[in-house]
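Structure data follow from protein_12.pdb (PDB, C-alpha atoms):
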MODEL        1
ATOM      1  CA  MET A  28       0.000   0.000   0.000
ATOM      2  CA  ARG A  29       1.393   3.385  -1.018
ATOM      3  CA  VAL A  30       0.480   6.204   1.392
ATOM      4  CA  LEU A  31       1.013   9.948   1.074
ATOM      5  CA  ALA A  32       1.992  11.722   4.303
ATOM      6  CA  ALA A  33       1.012  15.288   3.374
ATOM      7  CA  GLY A  34       2.153  17.072   6.518
ATOM      8  CA  ASP A  35       2.829  20.703   7.310
ATOM      9  CA  ARG A  36       4.922  22.697   9.777
ATOM     10  CA  PHE A  37       2.780  21.547  12.724
ATOM     11  CA  VAL A  38       1.745  17.968  11.995
ATOM     12  CA  LEU A  39       5.088  17.216  10.425
ATOM     13  CA  PRO A  40       5.441  14.793   7.494
ATOM     14  CA  GLY A  41       7.967  12.881   9.593
ATOM     15  CA  LEU A  42       5.483  12.424  12.437
ATOM     16  CA  LEU A  43       2.915  11.085   9.989
ATOM     17  CA  GLU A  44       5.457   8.749   8.404
ATOM     18  CA  ASP A  45       6.647   7.412  11.766
ATOM     19  CA  ALA A  46       3.061   6.732  12.852
ATOM     20  CA  LEU A  47       2.299   5.016   9.534
ATOM     21  CA  ARG A  48       5.362   2.791   9.775
ATOM     22  CA  ALA A  49       4.384   1.834  13.317
ATOM     23  CA  GLU A  50       0.975   0.751  11.952
ATOM     24  CA  LEU A  51       2.021  -0.812   8.661
ATOM     25  CA  GLY A  52       5.517  -2.053   9.401
ATOM     26  CA  GLY A  53       8.933  -0.727   8.553
ATOM     27  CA  THR A  54       8.650  -1.601   4.872
ATOM     28  CA  ALA A  55       5.566   0.578   4.309
ATOM     29  CA  ASP A  56       5.624   2.590   1.074
ATOM     30  CA  VAL A  57       5.252   6.127   2.432
ATOM     31  CA  ARG A  58       5.671   9.244   0.309
ATOM     32  CA  ARG A  59       6.205  12.608   2.055
ATOM     33  CA  LEU A  60       4.913  16.052   1.150
ATOM     34  CA  GLU A  61       5.306  19.211   3.256
ATOM     35  CA  LEU A  62       2.634  21.899   2.946
ATOM     36  CA  PRO A  63       3.399  25.538   3.840
ATOM     37  CA  TRP A  64       0.910  26.054   6.702
ATOM     38  CA  PRO A  65       1.236  27.843   9.143
ATOM     39  CA  VAL A  66       4.073  29.860   7.582
ATOM     40  CA  VAL A  67       1.553  30.605   4.827
ATOM     41  CA  PRO A  68      -1.989  31.022   6.240
ATOM     42  CA  PHE A  69      -4.602  28.486   5.209
ATOM     43  CA  GLY A  70      -7.536  29.547   3.094
ATOM     44  CA  PRO A  71     -10.072  28.325   0.541
ATOM     45  CA  VAL A  72      -8.819  26.233  -2.351
ATOM     46  CA  ALA A  73     -11.439  25.752  -5.062
ATOM     47  CA  GLU A  74     -14.534  24.469  -3.205
ATOM     48  CA  VAL A  75     -12.895  23.488   0.119
ATOM     49  CA  ASN A  76     -11.948  25.637   3.119
ATOM     50  CA  GLU A  77      -8.999  26.007   5.490
ATOM     51  CA  ALA A  78      -6.579  24.287   3.134
ATOM     52  CA  SER A  79      -2.872  24.685   2.427
ATOM     53  CA  GLY A  80      -1.153  24.010  -0.861
ATOM     54  CA  ASP A  81      -2.536  23.755  -4.380
ATOM     55  CA  GLU A  82      -4.424  21.233  -6.464
ATOM     56  CA  ASP A  83      -1.701  20.542  -9.028
ATOM     57  CA  THR A  84       0.855  19.693  -6.347
ATOM     58  CA  MET A  85      -1.597  17.295  -4.744
ATOM     59  CA  ILE A  86      -2.445  15.625  -8.054
ATOM     60  CA  GLU A  87       1.228  14.958  -8.704
ATOM     61  CA  ALA A  88       1.863  13.695  -5.157
ATOM     62  CA  LEU A  89      -1.156  11.347  -5.200
ATOM     63  CA  ASP A  90      -0.072   9.487  -8.325
ATOM     64  CA  GLY A  91      -0.338   5.787  -7.469
ATOM     65  CA  VAL A  92      -1.394   6.497  -3.868
ATOM     66  CA  GLU A  93      -4.137   4.489  -2.115
ATOM     67  CA  ALA A  94      -4.348   6.457   1.155
ATOM     68  CA  CYS A  95      -3.547  10.037   2.098
ATOM     69  CA  VAL A  96      -3.037  11.302   5.631
ATOM     70  CA  THR A  97      -3.005  15.059   6.033
ATOM     71  CA  GLN A  98      -4.177  17.992   8.091
ATOM     72  CA  MET A  99      -4.454  20.754   5.495
ATOM     73  CA  ALA A 100      -4.076  19.362   1.954
ATOM     74  CA  PRO A 101      -6.840  20.463  -0.443
ATOM     75  CA  ILE A 102      -8.732  17.329  -1.499
ATOM     76  CA  THR A 103     -11.005  18.906  -4.072
ATOM     77  CA  ARG A 104     -13.151  17.507  -6.856
ATOM     78  CA  LYS A 105     -10.339  18.165  -9.317
ATOM     79  CA  VAL A 106      -7.795  16.389  -7.115
ATOM     80  CA  LEU A 107     -10.101  13.405  -6.650
ATOM     81  CA  ASP A 108     -10.798  13.195 -10.376
ATOM     82  CA  ASN A 109      -7.055  12.856 -10.952
ATOM     83  CA  ALA A 110      -6.365  10.294  -8.200
ATOM     84  CA  PRO A 111      -8.154   7.164  -9.424
ATOM     85  CA  GLY A 112      -6.336   4.818  -7.057
ATOM     86  CA  LEU A 113      -7.164   6.769  -3.895
ATOM     87  CA  ARG A 114      -9.277   4.820  -1.389
ATOM     88  CA  LEU A 115      -8.938   6.798   1.855
ATOM     89  CA  VAL A 116      -8.279  10.343   3.045
ATOM     90  CA  ALA A 117      -7.613  10.575   6.793
ATOM     91  CA  VAL A 118      -7.636  14.165   8.033
ATOM     92  CA  ALA A 119      -5.672  14.921  11.200
ATOM     93  CA  ARG A 120      -8.151  17.438  12.606
ATOM     94  CA  GLY A 121     -11.590  17.579  14.186
ATOM     95  CA  GLY A 122     -13.418  18.141  10.890
ATOM     96  CA  PRO A 123     -12.360  17.499   7.267
ATOM     97  CA  VAL A 124     -13.260  20.953   5.924
ATOM     98  CA  ASN A 125     -10.369  20.674   3.471
ATOM     99  CA  VAL A 126     -12.022  17.691   1.743
ATOM    100  CA  ASP A 127     -14.927  17.716  -0.705
ATOM    101  CA  VAL A 128     -16.697  14.881   1.115
ATOM    102  CA  GLU A 129     -19.548  14.693  -1.401
ATOM    103  CA  ALA A 130     -17.122  14.278  -4.305
ATOM    104  CA  ALA A 131     -15.078  11.745  -2.345
ATOM    105  CA  THR A 132     -18.179   9.712  -1.547
ATOM    106  CA  ALA A 133     -19.243   9.715  -5.196
ATOM    107  CA  ARG A 134     -15.830   8.303  -6.117
ATOM    108  CA  GLY A 135     -15.768   5.661  -3.394
ATOM    109  CA  VAL A 136     -13.098   7.413  -1.330
ATOM    110  CA  ARG A 137     -13.662   7.151   2.397
ATOM    111  CA  VAL A 138     -12.996  10.227   4.528
ATOM    112  CA  CYS A 139     -11.879   9.971   8.155
ATOM    113  CA  TYR A 140     -11.023  12.604  10.746
ATOM    114  CA  ALA A 141      -9.426  12.865  14.203
ATOM    115  CA  PRO A 142     -12.011  13.752  16.852
ATOM    116  CA  GLY A 143     -10.678  14.905  20.204
ATOM    117  CA  ARG A 144      -7.077  15.263  19.014
ATOM    118  CA  ASN A 145      -6.702  18.719  20.599
ATOM    119  CA  ALA A 146      -9.361  18.581  23.307
ATOM    120  CA  THR A 147      -6.910  18.530  26.218
ATOM    121  CA  ALA A 148      -4.692  21.241  24.759
ATOM    122  CA  THR A 149      -7.645  23.519  24.064
ATOM    123  CA  ALA A 150      -9.155  22.942  27.496
ATOM    124  CA  GLU A 151      -5.899  23.789  29.274
ATOM    125  CA  TYR A 152      -5.417  26.849  27.079
ATOM    126  CA  THR A 153      -8.961  28.017  27.810
ATOM    127  CA  VAL A 154      -8.337  28.022  31.547
ATOM    128  CA  GLY A 155      -4.999  29.771  31.015
ATOM    129  CA  LEU A 156      -6.770  32.471  29.012
ATOM    130  CA  MET A 157      -9.342  32.877  31.780
ATOM    131  CA  LEU A 158      -6.570  33.460  34.315
ATOM    132  CA  ALA A 159      -4.763  35.857  31.989
ATOM    133  CA  VAL A 160      -7.892  38.012  31.687
ATOM    134  CA  LEU A 161      -9.006  37.796  35.310
ATOM    135  CA  ARG A 162      -5.590  38.675  36.734
ATOM    136  CA  ARG A 163      -4.505  41.034  33.899
ATOM    137  CA  ILE A 164      -1.322  39.010  33.400
ATOM    138  CA  PRO A 165      -0.429  40.158  29.853
ATOM    139  CA  ARG A 166      -1.083  43.823  30.598
ATOM    140  CA  THR A 167       0.963  43.922  33.781
ATOM    141  CA  HIS A 168       3.790  41.940  32.189
ATOM    142  CA  ALA A 169       3.908  44.400  29.279
ATOM    143  CA  ALA A 170       3.952  47.368  31.658
ATOM    144  CA  LEU A 171       6.747  45.931  33.801
ATOM    145  CA  ALA A 172       8.898  44.479  31.005
ATOM    146  CA  GLY A 173       8.349  47.229  28.457
ATOM    147  CA  GLU A 174       7.906  50.410  30.448
ATOM    148  CA  ARG A 175       9.543  49.268  33.709
ATOM    149  CA  ALA A 176       6.315  50.365  35.405
ATOM    150  CA  TRP A 177       5.716  48.560  38.695
ATOM    151  CA  GLY A 178       1.938  48.885  38.264
ATOM    152  CA  GLY A 179       0.900  49.494  41.823
ATOM    153  CA  GLU A 180      -2.388  50.862  40.514
ATOM    154  CA  TYR A 181      -3.439  47.276  39.765
ATOM    155  CA  TYR A 182      -3.782  46.728  43.498
ATOM    156  CA  ALA A 183      -6.708  49.145  43.484
ATOM    157  CA  TYR A 184      -9.963  47.342  44.192
ATOM    158  CA  GLU A 185     -11.628  48.291  40.916
ATOM    159  CA  ALA A 186      -8.594  47.055  38.930
ATOM    160  CA  THR A 187      -8.459  43.610  40.527
ATOM    161  CA  GLY A 188     -10.222  40.624  39.018
ATOM    162  CA  LEU A 189     -11.971  37.487  40.174
ATOM    163  CA  GLU A 190     -10.562  34.224  41.444
ATOM    164  CA  LEU A 191     -11.759  31.006  39.883
ATOM    165  CA  GLU A 192     -12.546  29.477  43.264
ATOM    166  CA  GLY A 193     -16.211  29.980  44.066
ATOM    167  CA  THR A 194     -16.917  31.890  40.850
ATOM    168  CA  PRO A 195     -19.916  30.851  38.711
ATOM    169  CA  VAL A 196     -18.601  29.740  35.315
ATOM    170  CA  GLY A 197     -20.921  28.957  32.425
ATOM    171  CA  LEU A 198     -19.766  26.729  29.602
ATOM    172  CA  VAL A 199     -21.627  26.727  26.284
ATOM    173  CA  GLY A 200     -20.973  23.255  24.933
ATOM    174  CA  GLY A 201     -20.247  20.097  26.895
ATOM    175  CA  GLY A 202     -18.388  18.038  24.308
ATOM    176  CA  ALA A 203     -14.783  16.867  24.282
ATOM    177  CA  VAL A 204     -13.333  20.308  25.132
ATOM    178  CA  GLY A 205     -16.119  21.672  27.324
ATOM    179  CA  SER A 206     -16.216  18.573  29.535
ATOM    180  CA  ARG A 207     -12.451  18.802  30.101
ATOM    181  CA  VAL A 208     -12.677  22.513  30.925
ATOM    182  CA  ALA A 209     -15.362  21.656  33.480
ATOM    183  CA  ARG A 210     -13.118  19.068  35.164
ATOM    184  CA  ILE A 211     -10.165  21.466  35.326
ATOM    185  CA  LEU A 212     -12.280  24.288  36.731
ATOM    186  CA  GLU A 213     -13.792  22.022  39.357
ATOM    187  CA  GLY A 214     -10.232  21.417  40.539
ATOM    188  CA  PHE A 215      -9.947  25.178  41.089
ATOM    189  CA  GLY A 216     -13.178  25.132  43.081
ATOM    190  CA  ALA A 217     -15.203  27.041  40.494
ATOM    191  CA  ASP A 218     -18.996  26.714  40.397
ATOM    192  CA  VAL A 219     -19.393  25.234  36.909
ATOM    193  CA  GLN A 220     -22.573  24.828  34.909
ATOM    194  CA  VAL A 221     -22.894  23.690  31.301
ATOM    195  CA  TYR A 222     -25.434  24.537  28.626
ATOM    196  CA  ASP A 223     -25.610  22.027  25.792
ATOM    197  CA  PRO A 224     -28.950  20.979  24.281
ATOM    198  CA  TYR A 225     -27.384  17.633  23.299
ATOM    199  CA  VAL A 226     -26.060  16.776  26.761
ATOM    200  CA  PRO A 227     -28.539  15.916  29.548
ATOM    201  CA  GLY A 228     -28.274  17.437  32.996
ATOM    202  CA  GLY A 229     -26.992  20.899  32.068
ATOM    203  CA  ALA A 230     -28.530  24.337  32.449
ATOM    204  CA  ALA A 231     -32.200  24.517  31.508
ATOM    205  CA  SER A 232     -31.604  27.284  28.993
ATOM    206  CA  LEU A 233     -28.865  29.500  27.648
ATOM    207  CA  ASP A 234     -30.502  32.534  29.279
ATOM    208  CA  ASP A 235     -30.424  30.805  32.688
ATOM    209  CA  LEU A 236     -26.734  30.091  32.233
ATOM    210  CA  LEU A 237     -25.949  33.670  31.215
ATOM    211  CA  ARG A 238     -27.768  35.253  34.154
ATOM    212  CA  ARG A 239     -25.664  33.333  36.690
ATOM    213  CA  SER A 240     -22.256  33.286  35.001
ATOM    214  CA  ARG A 241     -19.452  35.664  35.946
ATOM    215  CA  ILE A 242     -17.288  33.851  33.390
ATOM    216  CA  LEU A 243     -18.749  32.650  30.102
ATOM    217  CA  SER A 244     -16.675  30.257  27.979
ATOM    218  CA  LEU A 245     -17.708  29.062  24.509
ATOM    219  CA  HIS A 246     -17.130  25.468  23.409
ATOM    220  CA  ALA A 247     -19.852  24.836  20.830
ATOM    221  CA  ARG A 248     -19.093  23.579  17.358
ATOM    222  CA  LEU A 249     -19.981  26.150  14.697
ATOM    223  CA  THR A 250     -23.125  25.298  12.722
ATOM    224  CA  PRO A 251     -25.272  27.288  10.268
ATOM    225  CA  ASP A 252     -27.719  27.906  13.130
ATOM    226  CA  ASN A 253     -25.448  29.320  15.835
ATOM    227  CA  HIS A 254     -23.554  32.153  14.131
ATOM    228  CA  GLY A 255     -23.664  35.113  16.508
ATOM    229  CA  MET A 256     -25.371  33.090  19.229
ATOM    230  CA  ILE A 257     -23.752  35.378  21.829
ATOM    231  CA  GLY A 258     -24.812  38.877  20.805
ATOM    232  CA  ALA A 259     -25.876  42.111  22.483
ATOM    233  CA  ARG A 260     -28.959  40.594  24.150
ATOM    234  CA  GLU A 261     -27.028  37.645  25.538
ATOM    235  CA  LEU A 262     -24.111  39.748  26.787
ATOM    236  CA  ALA A 263     -26.542  42.069  28.572
ATOM    237  CA  LEU A 264     -27.816  39.083  30.579
ATOM    238  CA  LEU A 265     -24.375  38.481  32.089
ATOM    239  CA  PRO A 266     -23.804  40.084  35.510
ATOM    240  CA  PRO A 267     -21.844  43.361  35.417
ATOM    241  CA  GLY A 268     -18.095  42.787  35.543
ATOM    242  CA  SER A 269     -18.214  39.424  33.801
ATOM    243  CA  VAL A 270     -15.642  37.885  31.470
ATOM    244  CA  VAL A 271     -16.178  36.191  28.097
ATOM    245  CA  VAL A 272     -13.731  33.616  26.712
ATOM    246  CA  ASN A 273     -13.833  32.124  23.219
ATOM    247  CA  CYS A 274     -11.459  29.326  22.233
ATOM    248  CA  ALA A 275     -14.046  27.640  19.992
ATOM    249  CA  ARG A 276     -14.970  29.464  16.780
ATOM    250  CA  GLY A 277     -14.989  33.220  16.248
ATOM    251  CA  PRO A 278     -18.397  33.516  14.543
ATOM    252  CA  LEU A 279     -20.154  32.189  17.658
ATOM    253  CA  LEU A 280     -19.599  35.633  19.192
ATOM    254  CA  ASP A 281     -20.833  38.997  17.871
ATOM    255  CA  GLU A 282     -17.571  40.946  18.090
ATOM    256  CA  ALA A 283     -19.196  44.370  17.665
ATOM    257  CA  ALA A 284     -21.562  43.636  20.556
ATOM    258  CA  LEU A 285     -18.622  42.383  22.620
ATOM    259  CA  CYS A 286     -16.711  45.617  22.010
ATOM    260  CA  ASP A 287     -19.781  47.650  22.984
ATOM    261  CA  ALA A 288     -20.089  45.712  26.258
ATOM    262  CA  LEU A 289     -16.389  46.144  27.044
ATOM    263  CA  GLU A 290     -16.318  49.846  26.195
ATOM    264  CA  SER A 291     -19.432  50.519  28.293
ATOM    265  CA  GLY A 292     -17.829  48.794  31.283
ATOM    266  CA  HIS A 293     -20.499  46.093  31.468
ATOM    267  CA  LEU A 294     -17.813  43.430  30.924
ATOM    268  CA  PHE A 295     -14.550  43.270  32.854
ATOM    269  CA  GLY A 296     -12.682  41.648  29.999
ATOM    270  CA  ALA A 297     -12.549  39.033  27.279
ATOM    271  CA  GLY A 298     -10.129  36.319  26.217
ATOM    272  CA  LEU A 299     -10.184  35.532  22.505
ATOM    273  CA  ASP A 300      -8.239  32.853  20.672
ATOM    274  CA  THR A 301     -10.599  32.716  17.678
ATOM    275  CA  PHE A 302     -12.109  35.476  15.568
ATOM    276  CA  ALA A 303     -14.797  36.040  12.970
ATOM    277  CA  VAL A 304     -12.033  36.890  10.477
ATOM    278  CA  GLU A 305      -8.575  35.435  11.033
ATOM    279  CA  PRO A 306      -6.368  37.323  11.431
ATOM    280  CA  PRO A 307      -8.559  40.238  12.558
ATOM    281  CA  PRO A 308      -8.394  43.187  10.151
ATOM    282  CA  ALA A 309      -6.132  46.087  11.109
ATOM    283  CA  GLY A 310      -9.081  48.340  11.898
ATOM    284  CA  SER A 311     -10.814  45.895  14.249
ATOM    285  CA  ARG A 312     -12.171  47.471  17.440
ATOM    286  CA  LEU A 313     -10.868  44.454  19.356
ATOM    287  CA  PHE A 314      -7.343  45.871  19.281
ATOM    288  CA  SER A 315      -8.377  48.884  21.364
ATOM    289  CA  ALA A 316     -11.258  47.468  23.440
ATOM    290  CA  PRO A 317     -10.428  47.522  27.172
ATOM    291  CA  GLY A 318      -9.663  44.285  28.971
ATOM    292  CA  VAL A 319      -9.107  42.118  25.889
ATOM    293  CA  VAL A 320      -6.459  39.389  25.762
ATOM    294  CA  MET A 321      -5.982  38.098  22.211
ATOM    295  CA  THR A 322      -4.005  35.124  20.925
ATOM    296  CA  PRO A 323      -3.693  33.869  17.318
ATOM    297  CA  HIS A 324      -5.784  30.657  17.406
ATOM    298  CA  LEU A 325      -3.220  28.685  19.388
ATOM    299  CA  GLY A 326      -5.545  26.806  21.729
ATOM    300  CA  GLY A 327      -5.058  23.489  19.986
ATOM    301  CA  ALA A 328      -1.354  23.906  19.278
ATOM    302  CA  SER A 329       0.803  21.610  21.368
ATOM    303  CA  ARG A 330       3.385  19.002  20.454
ATOM    304  CA  ALA A 331       1.199  16.355  22.046
ATOM    305  CA  VAL A 332      -1.622  17.286  19.646
ATOM    306  CA  ALA A 333       0.603  16.781  16.607
ATOM    307  CA  HIS A 334       1.622  13.320  17.841
ATOM    308  CA  LYS A 335      -1.964  12.344  18.744
ATOM    309  CA  ALA A 336      -3.270  13.484  15.370
ATOM    310  CA  ALA A 337      -0.611  11.490  13.505
ATOM    311  CA  ARG A 338      -1.414   8.337  15.483
ATOM    312  CA  ILE A 339      -5.181   8.674  14.935
ATOM    313  CA  VAL A 340      -4.979   8.996  11.162
ATOM    314  CA  ALA A 341      -2.277   6.353  10.828
ATOM    315  CA  ALA A 342      -4.492   3.949  12.765
ATOM    316  CA  GLU A 343      -7.228   4.456  10.169
ATOM    317  CA  VAL A 344      -4.800   3.552   7.393
ATOM    318  CA  GLY A 345      -3.849   0.462   9.372
ATOM    319  CA  ARG A 346      -7.501  -0.548   9.661
ATOM    320  CA  LEU A 347      -7.996  -0.090   5.928
ATOM    321  CA  HIS A 348      -4.907  -2.173   5.196
ATOM    322  CA  ARG A 349      -6.120  -4.996   7.462
ATOM    323  CA  GLY A 350      -9.697  -4.862   6.171
ATOM    324  CA  GLU A 351     -11.105  -3.710   9.522
ATOM    325  CA  PRO A 352     -13.942  -1.206  10.054
ATOM    326  CA  LEU A 353     -12.773   2.399  10.196
ATOM    327  CA  ALA A 354     -13.199   4.152  13.547
ATOM    328  CA  HIS A 355     -13.920   7.748  12.489
ATOM    329  CA  CYS A 356     -15.321   7.584   8.978
ATOM    330  CA  LEU A 357     -17.815  10.153   7.717
ATOM    331  CA  ASN A 358     -18.941   8.137   4.695
ATOM    332  CA  PRO A 359     -18.569   4.448   5.552
ATOM    333  CA  ALA A 360     -21.055   3.344   2.904
TER
ENDMDL
END

For this file, produce the structure as structure tokens.
Amino acid sequence: MRVLAAGDRFVLPGLLEDALRAELGGTADVRRLELPWPVVPFGPVAEVNEASGDEDTMIEALDGVEACVTQMAPITRKVLDNAPGLRLVAVARGGPVNVDVEAATARGVRVCYAPGRNATATAEYTVGLMLAVLRRIPRTHAALAGERAWGGEYYAYEATGLELEGTPVGLVGGGAVGSRVARILEGFGADVQVYDPYVPGGAASLDDLLRRSRILSLHARLTPDNHGMIGARELALLPPGSVVVNCARGPLLDEAALCDALESGHLFGAGLDTFAVEPPPAGSRLFSAPGVVMTPHLGGASRAVAHKAARIVAAEVGRLHRGEPLAHCLNPA
């Protein structure tokens, strides 16, 4: 079986190859390709999204290949039309947005993905972002390191933030990431409640969750129905002095409404790792809104994630090779 390990600068081709050889044996026929992400930002390629590289490069690399493992390669209709031997595409991320799944299904190519690969990393990062906002860590570091300002004014009562212990925290989404965030926060002694219409036993409604939460953290998967689910009305339901954290997907949050709530003083701060447009445009109000801590979509970026992702997709290739059922296949039929 010939396999293409189409890695990038995060999920390295070498990591993919090592994981494939561990599954298939040392004599496995593995071909490497390195894509330019994240040195070059991902974007749409033909009809797929969040992809890196180009169709012609992929067509050449897939010549004679039966399985492709990748995180970012564009697997478009054109690519599939020119890869007649391809049987499997295993995508090392939580959703194969870089694959035309409909075209793959029509051509008998099975598409797998890697659920939960970055759940732990994102959960830990979320709590770190909460602490950074609550205790103003980036701002005070910048003042001390850059301006040599001791920052005694941050001892003033109105400048101090909350502790996690005893603080009501509302999580929107109780899946792989949200459930881990809940466990971590319970270790801090936070009062955690979850809203997720697909998970029993959580908050009765989103409004109920908002009214009691001093910290609101988003962990829902983006769907056509939940764009802007946290807007001006929802932010107004939060108690004064609350904090909003988003390490899920930027479009879940109305950024203009968030800026309004920060500038009015209704919110104490916000921690954002994802944005409606990435990177945010130069004129975005987020850059000047008070109390904002921003990071460039790094929540799921850890070395452990790259290794986990490589093992998950390599295991799918191993199952295909042995004739076993695939574990995370979107189109098994």

**Complete:** In Å and to one decimal, atom CA of Pro142 of chain A is distant from atom CA of Cys274 of chain A by 16.5 Å

**Fill in**
From atom CA of Glu93 of chain A to atom CA of Val30 of chain A the spacing works out at 6.0 Å

**Request:** Determine, counting only C-alpha atoms, which protein, DNA and RNA residues have an atom within 10 Å of an atom of Thr153 of chain A; residues of the same chain fewer than 6 positions away are not included. Present the result as a list in words.
**Result:** Thr147, Ala159, Val204, Gly205, Val208, Ser244, Leu245, His246, Val272, Asn273, Cys274, Ala275, Gly298, Leu299, Asp300, Gly326 and Gly327 of chain A

**Message:** Given the PyMOL selection byres ((chain A and resi 116) around 6) and the file above, list the residues it selects as a ChimeraX atom specification.
**Reply:** /A:94-96,115,117,138

**Prompt:** Given the file above and the PyMOL selection byres ((chain A and resi 211-217) around 8), which residues are selected, and can you give them as a list in words?
**Reply:**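 So the PyMOL selection byres ((chain A and resi 211-217) around 8) ends up selecting Glu151, Val154, Leu191, Glu192, Gly193, Thr194, Pro195, Val196, Arg207, Val208, Ala209, Arg210, Asp218 and Val219 of chain A.
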
**Item:** Point-to-point distance in Å for atom CA of Arg29 of chain A and atom CA of Ala55 of chain A
**Value:**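 Answer for the atom CA of Ala55 of chain A to atom CA of Arg29 of chain A separation: 7.3 Å.
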
**Message:** I'd like the neighbourhood of Ala130 of chain A as a PyMOL selection string, where a residue qualifies if any of its atoms comes within 9 Å (using all atoms listed in the file), though same-chain residues fewer than 5 positions away should be ignored.
**Reply:** chain A and resi 103-104+107-108+135-136

Any chance you can output those residues with C-alpha atoms as a PDB file, in the frame of the given file?
ATOM      1  CA  THR A 103     -11.005  18.906  -4.072  1.00  0.00           C
ATOM      2  CA  ARG A 104     -13.151  17.507  -6.856  1.00  0.00           C
ATOM      3  CA  LEU A 107     -10.101  13.405  -6.650  1.00  0.00           C
ATOM      4  CA  ASP A 108     -10.798  13.195 -10.376  1.00  0.00           C
ATOM      5  CA  GLY A 135     -15.768   5.661  -3.394  1.00  0.00           C
ATOM      6  CA  VAL A 136     -13.098   7.413  -1.330  1.00  0.00           C
TER       7      VAL A 136
END

Hey, what comes out of the PyMOL selection byres ((chain A and resi 354) around 12) on this file? Could you write it as an mmCIF file with C-alpha atoms, in the coordinates of the input?
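Output contents, as saved in result-v3.cif:
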data_model
loop_
_atom_site.group_PDB
_atom_site.id
_atom_site.type_symbol
_atom_site.label_atom_id
_atom_site.label_comp_id
_atom_site.auth_asym_id
_atom_site.auth_seq_id
_atom_site.Cartn_x
_atom_site.Cartn_y
_atom_site.Cartn_z
ATOM 1 C CA ALA A 117 -7.613 10.575 6.793
ATOM 2 C CA ARG A 137 -13.662 7.151 2.397
ATOM 3 C CA VAL A 138 -12.996 10.227 4.528
ATOM 4 C CA CYS A 139 -11.879 9.971 8.155
ATOM 5 C CA TYR A 140 -11.023 12.604 10.746
ATOM 6 C CA ALA A 141 -9.426 12.865 14.203
ATOM 7 C CA PRO A 142 -12.011 13.752 16.852
ATOM 8 C CA ILE A 339 -5.181 8.674 14.935
ATOM 9 C CA VAL A 340 -4.979 8.996 11.162
ATOM 10 C CA ALA A 341 -2.277 6.353 10.828
ATOM 11 C CA ALA A 342 -4.492 3.949 12.765
ATOM 12 C CA GLU A 343 -7.228 4.456 10.169
ATOM 13 C CA VAL A 344 -4.800 3.552 7.393
ATOM 14 C CA GLY A 345 -3.849 0.462 9.372
ATOM 15 C CA ARG A 346 -7.501 -0.548 9.661
ATOM 16 C CA LEU A 347 -7.996 -0.090 5.928
ATOM 17 C CA GLU A 351 -11.105 -3.710 9.522
ATOM 18 C CA PRO A 352 -13.942 -1.206 10.054
ATOM 19 C CA LEU A 353 -12.773 2.399 10.196
ATOM 20 C CA HIS A 355 -13.920 7.748 12.489
ATOM 21 C CA CYS A 356 -15.321 7.584 8.978
ATOM 22 C CA LEU A 357 -17.815 10.153 7.717
ATOM 23 C CA ASN A 358 -18.941 8.137 4.695
ATOM 24 C CA PRO A 359 -18.569 4.448 5.552
#

**Prompt:** A:Met85, A:Ala33, A:Ala148, A:Met256: which is nearest Leu60 of chain A, counting all atoms listed in the file?
**Reply:**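 Comparing A:Met85, A:Ala33, A:Ala148, A:Met256 against Leu60 of chain A, the winner is A:Ala33.
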
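Point (-5.9, 41.8, 39.9) has the following residues at most 7 Å away: Leu161, Arg162, Arg163, Tyr181, Tyr182, Ala186, Thr187 and Gly188 of chain A (atoms considered: only C-alpha atoms).
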
**Item:** Shortest interatomic distance to Arg114 of chain A - which of A:Leu156, A:Arg260, A:His348, A:Asp287, counting all atoms listed in the file
**Value:**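 For Arg114 of chain A, the nearest of the candidates is A:His348.
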
**Request:** Excluding Gly143 of chain A and any residue of its chain fewer than 6 positions from it, enumerate the residues within 10 Å of it, using all atoms listed in the file, and give them as number ranges by chain.
**Result:** A: 120-121, 149, 202-204, 332, 335-336, 339

**Request:** Choose the residue, out of A:Glu50, A:Leu171, A:Asp83, A:Tyr152, that has the smallest atom-to-atom separation from Ser329 of chain A; count all atoms listed in the file.
**Result:**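 Closest to Ser329 of chain A of all the choices is A:Tyr152.
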
**Prompt:** Hey, what's within 10 Å of Gly70 of chain A if we count all atoms listed in the file and toss same-chain stuff fewer than 2 positions away? As a PyMOL selection string, please?
**Reply:** chain A and resi 64+67-68+72-73+75-80+99+101+125+305

**Asked** Out of A:Val106, A:Leu198, A:Leu243, A:Val160, which residue has the shortest atom-to-atom distance to Ala230 of chain A when counting only C-alpha atoms?
**Response**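 Smallest separation from Ala230 of chain A among the options: A:Leu198.
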
**Prompt:** Of the residues A:Leu236, A:Ala360, A:Val270, A:Ala333, which is the one nearest to Ala133 of chain A, using only C-alpha atoms?
**Reply:**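 Among A:Leu236, A:Ala360, A:Val270, A:Ala333, it is A:Ala360 that comes nearest to Ala133 of chain A.
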
**Prompt:** Leaving out Cys286 of chain A and any residue of its chain fewer than 3 positions from it, which residues lie within 7 Å of it when counting all atoms listed in the file, given as a list in words?
**Reply:**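 Once the adjacent positions are removed, what remains is Glu282, Ala283, Leu289, Glu290, Arg312, Leu313 and Ala316 of chain A.
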
Taking C-alpha atoms for each residue, export the selection above as a tab-separated table (two decimals), in the frame of the given file.
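Result file out.tsv:
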chain	number	residue	atom	x	y	z
A	282	GLU	CA	-17.57	40.95	18.09
A	283	ALA	CA	-19.20	44.37	17.66
A	289	LEU	CA	-16.39	46.14	27.04
A	290	GLU	CA	-16.32	49.85	26.20
A	312	ARG	CA	-12.17	47.47	17.44
A	313	LEU	CA	-10.87	44.45	19.36
A	316	ALA	CA	-11.26	47.47	23.44
